[in-house]
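*Asks:* Sharing a structure here in structure tokens format.
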Amino acid sequence: MFPETVNFMRADGSGWPIRDWDTANKLLAYVHPEKNPYVVFSFSDESYVKCFGCKTRLTVEARESFDGGFRHWVFGKGLLKGKPQEIQTSTSKVTVDASQLLRMRDARVIIRLFPEHRRFSEAYDREDVTKRFV
């Protein structure tokens, strides 16, 4: 069980509260570039973690809220490469660095720790992109 309720939302705007990783993991299996290109797991303090794309080509972002502000992160493997990669879905296109192009197995590792422990895996680098939102 998660220590707090996590709200799941998918691209069509529907969503519901979930309480455990098994449920979240099953819901991640429905990410599809045409039918359901993103999912968001959010919390009462406006923090969230989301993935966008398809099982073999996606990006993961998170927002950590705290008193008076937030930090927004994009996850990747290793140092930034300076090579843009596009992730195209039926609803939109996102450009990320080549190091931030992930697979579903990466998303599961990153996403799982946040609702369970409010932390992120040390196996992935984080780029602070907060300035894009302020």
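Just so we're on the same page: first chain in the structure tokens is A, next is B, and so on; residues restart at 1 for each chain, and ligands are numbered from 1 in the order they show up.
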Would you mind listing what lies within 8 Å of Ile87 of chain A as a PyMOL selection string, with only C-alpha atoms counted and same-chain residues fewer than 6 positions away left out?
*Replies:* chain A and resi 53+57-58+93-96
*Asks:* Segment 14-48 of chain A: which residues are alpha helix (DSSP H) by DSSP, as a list of chain:residue names?
*Replies:* A:Trp21, A:Asp22, A:Thr23, A:Ala24, A:Asn25, A:Lys26, A:Leu27, A:Leu28
*Asks:* Would you list, as a VMD selection string, the residues of chain A that end up in strand (DSSP E) under DSSP run on this structure's backbone?
*Replies:* chain A and resid 6 to 10 15 to 18 38 to 42 48 to 54 57 to 66 69 to 76 84 to 88 93 to 97 125 to 128
*Asks:* Could you check the closest approach to Lys83 of chain A for each of A:Met1, A:Val134, A:Ala98, A:Val39 and tell me which residue wins, using only C-alpha atoms?
*Replies:*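 Nearest to Lys83 of chain A: A:Ala98.
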*Asks:* Pick from A:Ser90, A:Lys81, A:Arg105, A:Arg71: nearest to Pro37 of chain A, with only C-alpha atoms counted?
*Replies:*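 Closest candidate: A:Ser90.
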*Asks:* Within 10 Å of segment 27-36 of chain A, counting only C-alpha atoms, which residues show up once you throw out same-chain ones fewer than 5 positions away? Write them as a PyMOL selection string, please.
*Replies:* chain A and resi 8-12+21-22+50-55+57-58+87-92+104+107-108+111
*Asks:* Just how far from atom CA of Asp67 of chain A is atom CA of Ala123 of chain A, in Å to one decimal?
*Replies:*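 Taking atom CA of Ala123 of chain A and atom CA of Asp67 of chain A, their separation equals 27.4 Å.
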*Asks:* Identify, on the basis of only C-alpha atoms, every residue whose closest approach to segment 113-117 of chain A does not exceed 8 Å; exclude the query and any residue fewer than 3 positions from it along the same chain; express the result as a compact mmCIF listing (two decimals) with C-alpha atoms, in the first residue's frame.
*Replies:*
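Done, and the output landed in out-v7.txt:
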# COMPACT_ATOMS: atom_id res chain seq x y z
CA MET A 1 0.00 0.00 0.00
CA PHE A 2 1.13 3.53 -0.75
CA PRO A 3 1.45 5.74 2.34
CA GLU A 4 -1.06 8.15 0.76
CA VAL A 6 -2.31 8.49 -5.45
CA TRP A 21 2.04 -0.37 -6.88
CA VAL A 49 5.15 11.83 -11.89
CA VAL A 109 11.72 1.97 -11.85
CA ILE A 110 11.45 5.77 -11.71
CA PHE A 120 13.77 8.78 -7.17
CA SER A 121 16.12 6.03 -8.28
*Asks:* Of the candidates A:Phe75, A:Tyr48, A:Phe66, A:Phe41, which shows the shortest atom-to-atom distance to Arg103 of chain A, using only C-alpha atoms?
*Replies:* A:Phe75
*Asks:* Hey, can you check how far atom CA of Asp125 of chain A sits from atom CA of Gly78 of chain A?
*Replies:*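 Answer for the atom CA of Asp125 of chain A to atom CA of Gly78 of chain A separation: 6.0 Å.
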*Asks:* So how far away is atom CA of Val40 of chain A from atom CA of Gly68 of chain A, in Å?
*Replies:* 22.3 Å
*Asks:* Skipping near chain neighbours, those fewer than 6 positions away, what residues fall within 9 Å of Glu64 of chain A using only C-alpha atoms, listed as number ranges by chain?
*Replies:* A: 45-49, 70-73, 118
*Asks:* Can you work out which one of A:Lys26, A:Val129, A:Tyr38, A:Arg112 has the shortest atom-to-atom distance to Ser14 of chain A, counting only C-alpha atoms?
*Replies:* A:Tyr38
